[in-house]
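**Student:** Got a structure here, written out as structure tokens. Questions coming.
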Amino acid sequence: MSMENPHAPKPLIGVTPAFYHHEELDRSIIAVNYTDRIQEAGGLPVIIPPLQNCEQVRVLLDRLDGIVLGGGRDVLPSRYGGKLIPEIIRVQLPQRDRSDFLLVEAIWERRFPCLGICLGLQELNIFLGGDVFQHIPKEVPEAIIHKIDDMFEARHDVRVQPESLLARVTGYSSINTNSAHHQSIKTLANGIHIVAKTEDGIIEAVEPDDNRPFLAVQWHPEMEADPVAGLNLFRWLVNEANRENRK
């Protein structure tokens with residue numbers, strides 16, 4: 001059995017931060033949980049500010065080895081034919097929205113290793129032609145609680161499809177996860193399939209039909225103390241991002 005080389009270069013893992021207007025300076029902000037998990041998994045985190053065009057994305061991906069599409073506010077409803085409901089929807093600022101979708105397009109086309117988290121799952125589905133429930137409590141009244149205020153206090157069990165990538169990564173057919181979302185996939189896009197749901201039928205994870213290295217989950221693995229639903233997902237990404245594995 002081969003031994004890991006401690007001197008081998010660590011994969012560079014880009015991660016998308018939140019982006020906010022500020023009275024003095026607009027700011028990109030990333031929770032330390034993302035960067036901590038990437039490092040614990042064996043990668044080096046690189047924070048990606050809002051990018052402006054396809055050329056910037058191309059140059060960046062040429063230098064990175066993997067991407068984490070992090071959580072954030074809601075996708076602009078105009079991207080999936082929805083209407084803005086100000087009292088319910090808190091949309092991304094246009095700078096991040098544009099940058100994220102440029103990244104998703106390039107990642108998908110290049111078959112680039114990616115872990116999509118919460119918003120990242122929804123962005124993938126919308127990019128491929130799907131849409132979302134704009135507010136689960138309103139549109140799915142029988143749903144269990146998926147969000148408590150702005151915290152990660154809500155928890156639920158997620159049923160994982162046997163033989164899926166997620167089942168191999170976690171090692172379980174049912175896992176307990178945090179839940180901090182008020183939107184979720186409504187119409188599933190072509191090109192991906194469901195690999196996990198909660199008991200109320202809300203989609204919690206998807207994978208590509210063609211086995212490209214893209215895993216997307218609705219919960220926040222960076223906030224999980226248990227590696228089953230947390231660190232193991234980042235370890236999968238770092239392994240896929242390793243340049244030796246991509247040759």
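If you're wondering about the labels, chains in the structure tokens are A, B, ... by order shown, residues count from 1 in each chain, ligands from 1 in order shown.
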Any chance you could list, as a count of residues only, the residues in segment 160-195 of chain A that come up strand (DSSP E or B) when DSSP is run on the backbone?
**Tutor:** 13
**Student:** Tell me which protein, DNA and RNA residues are within 8 Å of Asn176 of chain A, counting only C-alpha atoms, leaving out same-chain ones fewer than 3 positions away, and put them as an mmCIF file with C-alpha atoms, in the first residue's frame.
**Tutor:**
```cif
data_model
loop_
_atom_site.group_PDB
_atom_site.id
_atom_site.type_symbol
_atom_site.label_atom_id
_atom_site.label_comp_id
_atom_site.auth_asym_id
_atom_site.auth_seq_id
_atom_site.Cartn_x
_atom_site.Cartn_y
_atom_site.Cartn_z
ATOM 1 C CA ARG A 155 -31.781 19.176 12.472
ATOM 2 C CA HIS A 156 -33.281 16.247 10.618
ATOM 3 C CA ASP A 157 -32.482 12.822 9.223
ATOM 4 C CA VAL A 158 -31.566 12.552 5.555
ATOM 5 C CA ALA A 229 -22.078 14.518 7.289
#
```
**Student:** Using DSSP on the backbone, list every residue of segment 53-237 of chain A that comes out as alpha helix (DSSP H), and give them as a ChimeraX atom specification.
**Tutor:** /A:54-63,94-110,119-127,136-139,165-170,231-237
**Student:** Do you know which residues are at most 6 Å from Ser99 of chain A counting only C-alpha atoms, after dropping those on the same chain fewer than 3 positions away, and could you put them as a PyMOL selection string?
**Tutor:** chain A and resi 50-51+96+102
**Student:** List as a PyMOL selection string the protein and nucleic acid residues near Gly72 of chain A, meaning an atom at most 9 Å away when only C-alpha atoms are counted, but skip any in the same chain fewer than 5 places from it.
**Tutor:** chain A and resi 17-19+91-92+118-120
**Student:** Please produce an output containing C-alpha atoms for each residue in the selection, written as a PDB file, in the first residue's frame.
**Tutor:**
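Final output, result21.pdb:
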```pdb
ATOM      1  CA  PRO A  17     -17.667  33.874   0.128  1.00  0.00           C
ATOM      2  CA  ALA A  18     -20.672  35.990   0.968  1.00  0.00           C
ATOM      3  CA  PHE A  19     -20.640  39.494  -0.527  1.00  0.00           C
ATOM      4  CA  VAL A  91     -31.402  37.803  -2.866  1.00  0.00           C
ATOM      5  CA  GLN A  92     -27.697  37.726  -3.535  1.00  0.00           C
ATOM      6  CA  CYS A 118     -26.906  24.834   0.209  1.00  0.00           C
ATOM      7  CA  LEU A 119     -27.012  27.771  -2.234  1.00  0.00           C
ATOM      8  CA  GLY A 120     -24.452  25.897  -4.361  1.00  0.00           C
TER       9      GLY A 120
END
```
**Student:** Neighbours of segment 35-43 of chain A within 7 Å (only C-alpha atoms; same-chain residues fewer than 5 positions away dropped), as a list of chain:residue names?
**Tutor:**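 Residues meeting the cut-off are A:Lys10, A:Pro11, A:Leu12, A:Ile13, A:Glu222, A:Leu231, A:Phe234, A:Arg235, A:Val238.
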**Student:** Create the file for the chosen residues now, containing C-alpha atoms and written as a compact mmCIF listing (two decimals), in the first residue's frame.
**Tutor:**
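Resulting contents of result_31.txt:
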```
# COMPACT_ATOMS: atom_id res chain seq x y z
CA LYS A 10 -1.71 20.35 -1.25
CA PRO A 11 -4.61 20.88 -3.64
CA LEU A 12 -5.79 24.49 -3.87
CA ILE A 13 -9.51 24.63 -3.10
CA GLU A 222 -18.72 22.86 7.27
CA LEU A 231 -15.51 16.53 7.06
CA PHE A 234 -14.44 17.85 2.14
CA ARG A 235 -12.09 14.86 2.17
CA VAL A 238 -9.70 17.17 -1.75
```
**Student:** Which residues, written as a list in words, have at least one atom at most 9 Å from Glu204 of chain A, with only C-alpha atoms counted and residues fewer than 5 positions away on the same chain left out?
**Tutor:**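 Residues meeting the cut-off are Cys118, Leu121, Val158, Arg159, Val160, Ser184, Ile185, Ile194, Val195, Ala196, Lys197, Thr198, Ala216, Val217, Gln218 and Trp219 of chain A.
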**Student:** Once you have the residues from the selection above, write them out as a tab-separated table (two decimals), in the first residue's frame, restricted to C-alpha atoms.
**Tutor:**
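That gives us selection.tsv:
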```tsv
chain	number	residue	atom	x	y	z
A	118	CYS	CA	-26.91	24.83	0.21
A	121	LEU	CA	-26.90	23.00	-4.82
A	158	VAL	CA	-31.57	12.55	5.55
A	159	ARG	CA	-32.22	9.31	3.68
A	160	VAL	CA	-29.39	8.50	1.28
A	184	SER	CA	-34.95	23.97	-1.95
A	185	ILE	CA	-35.13	22.27	-5.33
A	194	ILE	CA	-31.65	12.94	-6.46
A	195	VAL	CA	-29.54	10.94	-3.98
A	196	ALA	CA	-30.99	12.13	-0.66
A	197	LYS	CA	-34.27	13.43	0.77
A	198	THR	CA	-35.81	14.17	4.14
A	216	ALA	CA	-24.14	18.98	-3.98
A	217	VAL	CA	-25.92	18.93	-0.60
A	218	GLN	CA	-28.55	21.15	0.98
A	219	TRP	CA	-27.13	21.09	4.51
```
**Student:** Nearest residue to Phe214 of chain A out of A:Pro49, A:Pro141, A:Pro113, A:Gly201, using only C-alpha atoms?
**Tutor:**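 Ranked by minimum distance to Phe214 of chain A, first place goes to A:Pro113.
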**Student:** What is the atom CA of Leu115 of chain A-atom CA of Asn178 of chain A distance in Å, reported with one decimal?
**Tutor:**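 So the two atoms, atom CA of Leu115 of chain A and atom CA of Asn178 of chain A, lie 16.8 Å apart.
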**Student:** What does the structure give for the distance between atom CA of Arg90 of chain A and atom CA of Tyr20 of chain A, in Å to one decimal?
**Tutor:** 12.1 Å
**Student:** Please identify all polymer residues within 12 Å of Gly130 of chain A, counting only C-alpha atoms, omitting same-chain residues fewer than 4 positions from it, and present them as a PyMOL selection string.
**Tutor:** chain A and resi 77+79-82+121-126+184-193
**Student:** Could you jot down the atom CA of Ala143 of chain A to atom CA of Ser174 of chain A separation for me, Å, one decimal place?
**Tutor:**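 Computing it gives 18.3 Å between the two atoms.
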